[in-house]
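Chemist: Just my_file_7.pdb, nothing more (PDB, N, CA and C atoms):
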ATOM      1  N   MET A   1     -40.267 -25.188  31.189  1.00  0.00           N
ATOM      2  CA  MET A   1     -41.218 -25.771  32.115  1.00  0.00           C
ATOM      3  C   MET A   1     -41.727 -27.095  31.554  1.00  0.00           C
ATOM      4  N   LYS A   2     -41.816 -28.085  32.413  1.00  0.00           N
ATOM      5  CA  LYS A   2     -42.312 -29.392  31.990  1.00  0.00           C
ATOM      6  C   LYS A   2     -43.801 -29.334  31.701  1.00  0.00           C
ATOM      7  N   ARG A   3     -44.213 -30.108  30.712  1.00  0.00           N
ATOM      8  CA  ARG A   3     -45.652 -30.264  30.472  1.00  0.00           C
ATOM      9  C   ARG A   3     -46.216 -31.075  31.623  1.00  0.00           C
ATOM     10  N   ARG A   4     -47.401 -30.695  32.056  1.00  0.00           N
ATOM     11  CA  ARG A   4     -48.019 -31.349  33.207  1.00  0.00           C
ATOM     12  C   ARG A   4     -49.240 -32.149  32.772  1.00  0.00           C
ATOM     13  N   VAL A   5     -49.322 -33.364  33.293  1.00  0.00           N
ATOM     14  CA  VAL A   5     -50.421 -34.269  32.967  1.00  0.00           C
ATOM     15  C   VAL A   5     -51.193 -34.585  34.245  1.00  0.00           C
ATOM     16  N   LEU A   6     -52.492 -34.322  34.218  1.00  0.00           N
ATOM     17  CA  LEU A   6     -53.375 -34.671  35.327  1.00  0.00           C
ATOM     18  C   LEU A   6     -54.083 -35.965  34.949  1.00  0.00           C
ATOM     19  N   VAL A   7     -53.842 -37.016  35.723  1.00  0.00           N
ATOM     20  CA  VAL A   7     -54.472 -38.310  35.473  1.00  0.00           C
ATOM     21  C   VAL A   7     -55.561 -38.498  36.525  1.00  0.00           C
ATOM     22  N   VAL A   8     -56.791 -38.510  36.075  1.00  0.00           N
ATOM     23  CA  VAL A   8     -57.944 -38.634  36.972  1.00  0.00           C
ATOM     24  C   VAL A   8     -58.342 -40.101  37.014  1.00  0.00           C
ATOM     25  N   LEU A   9     -58.279 -40.674  38.211  1.00  0.00           N
ATOM     26  CA  LEU A   9     -58.528 -42.097  38.398  1.00  0.00           C
ATOM     27  C   LEU A   9     -59.807 -42.347  39.176  1.00  0.00           C
ATOM     28  N   ALA A  10     -60.528 -43.376  38.771  1.00  0.00           N
ATOM     29  CA  ALA A  10     -61.669 -43.852  39.551  1.00  0.00           C
ATOM     30  C   ALA A  10     -61.132 -44.547  40.795  1.00  0.00           C
ATOM     31  N   PRO A  11     -61.879 -44.522  41.882  1.00  0.00           N
ATOM     32  CA  PRO A  11     -61.437 -45.192  43.104  1.00  0.00           C
ATOM     33  C   PRO A  11     -61.235 -46.702  42.920  1.00  0.00           C
ATOM     34  N   THR A  12     -61.835 -47.245  41.887  1.00  0.00           N
ATOM     35  CA  THR A  12     -61.717 -48.686  41.635  1.00  0.00           C
ATOM     36  C   THR A  12     -60.436 -49.071  40.912  1.00  0.00           C
ATOM     37  N   ALA A  13     -59.656 -48.087  40.473  1.00  0.00           N
ATOM     38  CA  ALA A  13     -58.385 -48.396  39.806  1.00  0.00           C
ATOM     39  C   ALA A  13     -57.473 -49.082  40.815  1.00  0.00           C
ATOM     40  N   GLY A  14     -56.928 -50.193  40.421  1.00  0.00           N
ATOM     41  CA  GLY A  14     -56.104 -50.982  41.336  1.00  0.00           C
ATOM     42  C   GLY A  14     -54.717 -50.399  41.570  1.00  0.00           C
ATOM     43  N   ALA A  15     -54.079 -50.890  42.608  1.00  0.00           N
ATOM     44  CA  ALA A  15     -52.743 -50.427  42.973  1.00  0.00           C
ATOM     45  C   ALA A  15     -51.726 -50.715  41.869  1.00  0.00           C
ATOM     46  N   SER A  16     -51.865 -51.839  41.193  1.00  0.00           N
ATOM     47  CA  SER A  16     -50.903 -52.166  40.140  1.00  0.00           C
ATOM     48  C   SER A  16     -51.038 -51.201  38.959  1.00  0.00           C
ATOM     49  N   LEU A  17     -52.257 -50.800  38.640  1.00  0.00           N
ATOM     50  CA  LEU A  17     -52.463 -49.820  37.564  1.00  0.00           C
ATOM     51  C   LEU A  17     -51.851 -48.483  37.945  1.00  0.00           C
ATOM     52  N   ARG A  18     -52.056 -48.063  39.180  1.00  0.00           N
ATOM     53  CA  ARG A  18     -51.469 -46.801  39.655  1.00  0.00           C
ATOM     54  C   ARG A  18     -49.944 -46.851  39.557  1.00  0.00           C
ATOM     55  N   GLU A  19     -49.390 -47.968  39.956  1.00  0.00           N
ATOM     56  CA  GLU A  19     -47.932 -48.128  39.912  1.00  0.00           C
ATOM     57  C   GLU A  19     -47.426 -48.076  38.470  1.00  0.00           C
ATOM     58  N   GLU A  20     -48.088 -48.779  37.576  1.00  0.00           N
ATOM     59  CA  GLU A  20     -47.685 -48.782  36.166  1.00  0.00           C
ATOM     60  C   GLU A  20     -47.783 -47.385  35.557  1.00  0.00           C
ATOM     61  N   LEU A  21     -48.870 -46.675  35.849  1.00  0.00           N
ATOM     62  CA  LEU A  21     -49.021 -45.308  35.345  1.00  0.00           C
ATOM     63  C   LEU A  21     -47.911 -44.412  35.882  1.00  0.00           C
ATOM     64  N   GLY A  22     -47.644 -44.505  37.170  1.00  0.00           N
ATOM     65  CA  GLY A  22     -46.587 -43.704  37.778  1.00  0.00           C
ATOM     66  C   GLY A  22     -45.232 -43.980  37.169  1.00  0.00           C
ATOM     67  N   GLN A  23     -44.927 -45.253  36.927  1.00  0.00           N
ATOM     68  CA  GLN A  23     -43.644 -45.616  36.316  1.00  0.00           C
ATOM     69  C   GLN A  23     -43.540 -45.086  34.885  1.00  0.00           C
ATOM     70  N   ALA A  24     -44.601 -45.271  34.107  1.00  0.00           N
ATOM     71  CA  ALA A  24     -44.578 -44.832  32.707  1.00  0.00           C
ATOM     72  C   ALA A  24     -44.475 -43.315  32.605  1.00  0.00           C
ATOM     73  N   LEU A  25     -45.259 -42.611  33.398  1.00  0.00           N
ATOM     74  CA  LEU A  25     -45.220 -41.153  33.342  1.00  0.00           C
ATOM     75  C   LEU A  25     -43.909 -40.620  33.909  1.00  0.00           C
ATOM     76  N   GLY A  26     -43.418 -41.240  34.962  1.00  0.00           N
ATOM     77  CA  GLY A  26     -42.135 -40.826  35.530  1.00  0.00           C
ATOM     78  C   GLY A  26     -41.006 -41.006  34.536  1.00  0.00           C
ATOM     79  N   ALA A  27     -41.008 -42.118  33.807  1.00  0.00           N
ATOM     80  CA  ALA A  27     -39.971 -42.387  32.815  1.00  0.00           C
ATOM     81  C   ALA A  27     -40.057 -41.433  31.629  1.00  0.00           C
ATOM     82  N   SER A  28     -41.243 -40.875  31.392  1.00  0.00           N
ATOM     83  CA  SER A  28     -41.432 -39.982  30.244  1.00  0.00           C
ATOM     84  C   SER A  28     -40.827 -38.602  30.481  1.00  0.00           C
ATOM     85  N   GLY A  29     -40.575 -38.279  31.741  1.00  0.00           N
ATOM     86  CA  GLY A  29     -40.058 -36.953  32.060  1.00  0.00           C
ATOM     87  C   GLY A  29     -41.140 -35.908  32.235  1.00  0.00           C
ATOM     88  N   LEU A  30     -42.406 -36.319  32.087  1.00  0.00           N
ATOM     89  CA  LEU A  30     -43.516 -35.390  32.280  1.00  0.00           C
ATOM     90  C   LEU A  30     -43.790 -35.186  33.768  1.00  0.00           C
ATOM     91  N   ALA A  31     -44.200 -34.004  34.121  1.00  0.00           N
ATOM     92  CA  ALA A  31     -44.703 -33.772  35.469  1.00  0.00           C
ATOM     93  C   ALA A  31     -46.136 -34.278  35.479  1.00  0.00           C
ATOM     94  N   TYR A  32     -46.533 -34.964  36.534  1.00  0.00           N
ATOM     95  CA  TYR A  32     -47.873 -35.523  36.557  1.00  0.00           C
ATOM     96  C   TYR A  32     -48.408 -35.591  37.976  1.00  0.00           C
ATOM     97  N   GLU A  33     -49.722 -35.750  38.045  1.00  0.00           N
ATOM     98  CA  GLU A  33     -50.382 -36.009  39.321  1.00  0.00           C
ATOM     99  C   GLU A  33     -51.468 -37.034  39.080  1.00  0.00           C
ATOM    100  N   LEU A  34     -51.538 -38.010  39.962  1.00  0.00           N
ATOM    101  CA  LEU A  34     -52.631 -38.970  39.939  1.00  0.00           C
ATOM    102  C   LEU A  34     -53.676 -38.467  40.923  1.00  0.00           C
ATOM    103  N   LEU A  35     -54.859 -38.162  40.428  1.00  0.00           N
ATOM    104  CA  LEU A  35     -55.942 -37.605  41.238  1.00  0.00           C
ATOM    105  C   LEU A  35     -57.088 -38.604  41.288  1.00  0.00           C
ATOM    106  N   GLU A  36     -57.330 -39.177  42.462  1.00  0.00           N
ATOM    107  CA  GLU A  36     -58.442 -40.114  42.618  1.00  0.00           C
ATOM    108  C   GLU A  36     -59.713 -39.344  42.939  1.00  0.00           C
ATOM    109  N   VAL A  37     -60.753 -39.608  42.173  1.00  0.00           N
ATOM    110  CA  VAL A  37     -62.042 -38.947  42.403  1.00  0.00           C
ATOM    111  C   VAL A  37     -63.174 -39.952  42.221  1.00  0.00           C
ATOM    112  N   ALA A  38     -64.206 -39.770  43.013  1.00  0.00           N
ATOM    113  CA  ALA A  38     -65.435 -40.540  42.825  1.00  0.00           C
ATOM    114  C   ALA A  38     -66.203 -39.885  41.679  1.00  0.00           C
ATOM    115  N   ALA A  39     -66.916 -40.665  40.906  1.00  0.00           N
ATOM    116  CA  ALA A  39     -67.631 -40.126  39.741  1.00  0.00           C
ATOM    117  C   ALA A  39     -68.532 -38.964  40.125  1.00  0.00           C
ATOM    118  N   GLY A  40     -69.131 -39.018  41.302  1.00  0.00           N
ATOM    119  CA  GLY A  40     -70.056 -37.981  41.725  1.00  0.00           C
ATOM    120  C   GLY A  40     -69.431 -36.616  41.929  1.00  0.00           C
ATOM    121  N   ASP A  41     -68.128 -36.579  42.269  1.00  0.00           N
ATOM    122  CA  ASP A  41     -67.514 -35.270  42.466  1.00  0.00           C
ATOM    123  C   ASP A  41     -66.346 -35.011  41.521  1.00  0.00           C
ATOM    124  N   ALA A  42     -66.215 -35.842  40.498  1.00  0.00           N
ATOM    125  CA  ALA A  42     -65.111 -35.683  39.553  1.00  0.00           C
ATOM    126  C   ALA A  42     -65.206 -34.377  38.775  1.00  0.00           C
ATOM    127  N   ALA A  43     -66.381 -34.038  38.272  1.00  0.00           N
ATOM    128  CA  ALA A  43     -66.523 -32.846  37.428  1.00  0.00           C
ATOM    129  C   ALA A  43     -66.102 -31.587  38.183  1.00  0.00           C
ATOM    130  N   GLY A  44     -66.556 -31.432  39.409  1.00  0.00           N
ATOM    131  CA  GLY A  44     -66.207 -30.248  40.190  1.00  0.00           C
ATOM    132  C   GLY A  44     -64.733 -30.185  40.532  1.00  0.00           C
ATOM    133  N   ARG A  45     -64.161 -31.310  40.927  1.00  0.00           N
ATOM    134  CA  ARG A  45     -62.740 -31.318  41.290  1.00  0.00           C
ATOM    135  C   ARG A  45     -61.850 -31.080  40.077  1.00  0.00           C
ATOM    136  N   VAL A  46     -62.198 -31.694  38.953  1.00  0.00           N
ATOM    137  CA  VAL A  46     -61.400 -31.502  37.740  1.00  0.00           C
ATOM    138  C   VAL A  46     -61.533 -30.061  37.240  1.00  0.00           C
ATOM    139  N   ALA A  47     -62.743 -29.539  37.243  1.00  0.00           N
ATOM    140  CA  ALA A  47     -62.946 -28.151  36.804  1.00  0.00           C
ATOM    141  C   ALA A  47     -62.102 -27.196  37.633  1.00  0.00           C
ATOM    142  N   GLY A  48     -62.027 -27.441  38.925  1.00  0.00           N
ATOM    143  CA  GLY A  48     -61.217 -26.601  39.788  1.00  0.00           C
ATOM    144  C   GLY A  48     -59.739 -26.688  39.476  1.00  0.00           C
ATOM    145  N   ARG A  49     -59.286 -27.846  39.053  1.00  0.00           N
ATOM    146  CA  ARG A  49     -57.860 -28.052  38.755  1.00  0.00           C
ATOM    147  C   ARG A  49     -57.459 -27.496  37.389  1.00  0.00           C
ATOM    148  N   LEU A  50     -58.406 -27.373  36.469  1.00  0.00           N
ATOM    149  CA  LEU A  50     -58.076 -26.914  35.116  1.00  0.00           C
ATOM    150  C   LEU A  50     -57.473 -25.511  35.117  1.00  0.00           C
ATOM    151  N   ALA A  51     -57.869 -24.700  36.055  1.00  0.00           N
ATOM    152  CA  ALA A  51     -57.348 -23.330  36.139  1.00  0.00           C
ATOM    153  C   ALA A  51     -55.866 -23.302  36.492  1.00  0.00           C
ATOM    154  N   GLU A  52     -55.329 -24.429  36.923  1.00  0.00           N
ATOM    155  CA  GLU A  52     -53.927 -24.505  37.318  1.00  0.00           C
ATOM    156  C   GLU A  52     -52.978 -24.725  36.138  1.00  0.00           C
ATOM    157  N   GLY A  53     -53.512 -24.852  34.937  1.00  0.00           N
ATOM    158  CA  GLY A  53     -52.661 -24.926  33.757  1.00  0.00           C
ATOM    159  C   GLY A  53     -52.169 -26.306  33.360  1.00  0.00           C
ATOM    160  N   TRP A  54     -52.970 -27.299  33.562  1.00  0.00           N
ATOM    161  CA  TRP A  54     -52.583 -28.644  33.132  1.00  0.00           C
ATOM    162  C   TRP A  54     -52.568 -28.709  31.608  1.00  0.00           C
ATOM    163  N   ALA A  55     -51.523 -29.304  31.043  1.00  0.00           N
ATOM    164  CA  ALA A  55     -51.390 -29.413  29.590  1.00  0.00           C
ATOM    165  C   ALA A  55     -52.270 -30.527  29.042  1.00  0.00           C
ATOM    166  N   CYS A  56     -52.562 -31.510  29.878  1.00  0.00           N
ATOM    167  CA  CYS A  56     -53.286 -32.684  29.422  1.00  0.00           C
ATOM    168  C   CYS A  56     -54.048 -33.276  30.601  1.00  0.00           C
ATOM    169  N   VAL A  57     -55.248 -33.750  30.341  1.00  0.00           N
ATOM    170  CA  VAL A  57     -56.034 -34.442  31.358  1.00  0.00           C
ATOM    171  C   VAL A  57     -56.409 -35.809  30.795  1.00  0.00           C
ATOM    172  N   VAL A  58     -56.158 -36.846  31.584  1.00  0.00           N
ATOM    173  CA  VAL A  58     -56.444 -38.216  31.177  1.00  0.00           C
ATOM    174  C   VAL A  58     -57.410 -38.813  32.186  1.00  0.00           C
ATOM    175  N   ALA A  59     -58.497 -39.410  31.701  1.00  0.00           N
ATOM    176  CA  ALA A  59     -59.470 -40.064  32.576  1.00  0.00           C
ATOM    177  C   ALA A  59     -59.246 -41.568  32.532  1.00  0.00           C
ATOM    178  N   VAL A  60     -59.137 -42.178  33.717  1.00  0.00           N
ATOM    179  CA  VAL A  60     -58.934 -43.619  33.818  1.00  0.00           C
ATOM    180  C   VAL A  60     -60.013 -44.176  34.728  1.00  0.00           C
ATOM    181  N   GLY A  61     -60.900 -44.950  34.154  1.00  0.00           N
ATOM    182  CA  GLY A  61     -61.966 -45.535  34.962  1.00  0.00           C
ATOM    183  C   GLY A  61     -63.091 -45.996  34.076  1.00  0.00           C
ATOM    184  N   GLY A  62     -64.237 -46.077  34.662  1.00  0.00           N
ATOM    185  CA  GLY A  62     -65.415 -46.517  33.920  1.00  0.00           C
ATOM    186  C   GLY A  62     -66.151 -45.350  33.301  1.00  0.00           C
ATOM    187  N   ASP A  63     -67.349 -45.647  32.833  1.00  0.00           N
ATOM    188  CA  ASP A  63     -68.169 -44.638  32.162  1.00  0.00           C
ATOM    189  C   ASP A  63     -68.410 -43.405  33.011  1.00  0.00           C
ATOM    190  N   GLY A  64     -68.665 -43.589  34.302  1.00  0.00           N
ATOM    191  CA  GLY A  64     -68.963 -42.461  35.173  1.00  0.00           C
ATOM    192  C   GLY A  64     -67.790 -41.504  35.297  1.00  0.00           C
ATOM    193  N   THR A  65     -66.598 -42.042  35.480  1.00  0.00           N
ATOM    194  CA  THR A  65     -65.405 -41.196  35.610  1.00  0.00           C
ATOM    195  C   THR A  65     -65.112 -40.485  34.305  1.00  0.00           C
ATOM    196  N   VAL A  66     -65.125 -41.217  33.214  1.00  0.00           N
ATOM    197  CA  VAL A  66     -64.814 -40.626  31.914  1.00  0.00           C
ATOM    198  C   VAL A  66     -65.844 -39.555  31.549  1.00  0.00           C
ATOM    199  N   SER A  67     -67.105 -39.823  31.794  1.00  0.00           N
ATOM    200  CA  SER A  67     -68.154 -38.856  31.499  1.00  0.00           C
ATOM    201  C   SER A  67     -67.998 -37.600  32.356  1.00  0.00           C
ATOM    202  N   ALA A  68     -67.717 -37.766  33.639  1.00  0.00           N
ATOM    203  CA  ALA A  68     -67.575 -36.610  34.526  1.00  0.00           C
ATOM    204  C   ALA A  68     -66.387 -35.741  34.110  1.00  0.00           C
ATOM    205  N   VAL A  69     -65.287 -36.373  33.738  1.00  0.00           N
ATOM    206  CA  VAL A  69     -64.111 -35.615  33.287  1.00  0.00           C
ATOM    207  C   VAL A  69     -64.422 -34.910  31.971  1.00  0.00           C
ATOM    208  N   ALA A  70     -65.103 -35.573  31.069  1.00  0.00           N
ATOM    209  CA  ALA A  70     -65.475 -34.947  29.800  1.00  0.00           C
ATOM    210  C   ALA A  70     -66.364 -33.733  30.024  1.00  0.00           C
ATOM    211  N   HIS A  71     -67.303 -33.827  30.953  1.00  0.00           N
ATOM    212  CA  HIS A  71     -68.170 -32.691  31.264  1.00  0.00           C
ATOM    213  C   HIS A  71     -67.366 -31.525  31.842  1.00  0.00           C
ATOM    214  N   ALA A  72     -66.401 -31.833  32.687  1.00  0.00           N
ATOM    215  CA  ALA A  72     -65.565 -30.767  33.264  1.00  0.00           C
ATOM    216  C   ALA A  72     -64.738 -30.092  32.173  1.00  0.00           C
ATOM    217  N   LEU A  73     -64.221 -30.876  31.249  1.00  0.00           N
ATOM    218  CA  LEU A  73     -63.407 -30.296  30.161  1.00  0.00           C
ATOM    219  C   LEU A  73     -64.264 -29.483  29.199  1.00  0.00           C
ATOM    220  N   ALA A  74     -65.472 -29.956  28.940  1.00  0.00           N
ATOM    221  CA  ALA A  74     -66.356 -29.245  28.015  1.00  0.00           C
ATOM    222  C   ALA A  74     -66.900 -27.961  28.621  1.00  0.00           C
ATOM    223  N   GLY A  75     -67.038 -27.954  29.943  1.00  0.00           N
ATOM    224  CA  GLY A  75     -67.612 -26.797  30.620  1.00  0.00           C
ATOM    225  C   GLY A  75     -66.624 -25.708  30.783  1.00  0.00           C
TER     226      GLY A  75
END
Once you've parsed the file, please lay out its structure as structure tokens.

Modeler:
Amino acid sequence: MKRRVLVVLAPTAGASLREELGQALGASGLAYELLEVAAGDAAGRVAGRLAEGWACVVAVGGDGTVSAVAHALAG
């Protein structure tokens, strides 16, 4: 089974960044999903996804996104 990477993106992440992430992760052979979340609901959405067995979670955005993802991982 492929390792799965959940990439949590702030809504402000640009299209070129999304494209670059998709290309890099696709070339790596990893299974991945780009999940766009607003900082206000990131913690709840990420917490809900953790039960699905993601091997790695990456936060891409500003302080609000990174903090919300960190809280979901710590909780």

Chemist: When distances are computed from all atoms listed in the file, which of A:Ala24, A:Ala68, A:Ala59, A:Leu30 shows the smallest separation from Ala47 in chain A?

Modeler: A:Ala68

Chemist: So that I can check the secondary structure, give me every residue of chain A assigned strand (DSSP E) by backbone DSSP, as a PyMOL selection string.

Modeler: chain A and resi 4-9+31-36+56-60

Chemist: Let's see if you can do this: from backbone DSSP, list all alpha helix (DSSP H) residues in chain A, as number ranges by chain.

Modeler: A: 15-28, 39-50, 63-74

Chemist: Would you compute an axis-aligned box for range 25-28 of chain A, covering every atom listed for it in the file with 3 Å of margin on each side, and report centre and edge lengths in Å to one decimal as JSON?

Modeler:
{"center_x": -42.6, "center_y": -40.6, "center_z": 32.9, "size_x": 11.3, "size_y": 10.0, "size_z": 11.3}

Chemist: For the file shown, what are the residues hit by the PyMOL selection byres (((chain A and resi 11 and name CA) around 7) and name CA), laid out as a list in words?

Modeler: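 Going through the file, the PyMOL selection byres (((chain A and resi 11 and name CA) around 7) and name CA) ends up selecting Leu9, Ala10, Thr12, Ala13, Glu36, Val37 and Ala38 of chain A.
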
Chemist: I want to know what sits within 8 Å of Gly64 in chain A, based on all atoms listed in the file, with residues of the same chain fewer than 3 positions away left out; could you give that as a VMD selection string?

Modeler: chain A and resid 10 38 to 40 42 61 67 to 70

Chemist: Pick from A:Val5, A:Val66, A:Leu34, A:Val46: nearest to Arg18 in chain A, with all atoms listed in the file counted?

Modeler: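 Checking each of A:Val5, A:Val66, A:Leu34, A:Val46 against Arg18 in chain A, counting all atoms listed in the file, the winner is A:Leu34.
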
Chemist: Which residue out of A:Leu25, A:Ala55, A:Ala15, A:Val8 has the minimum interatomic distance to Ala72 in chain A when only C-alpha atoms are used?

Modeler: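 For Ala72 in chain A, the nearest of the candidates is A:Val8.
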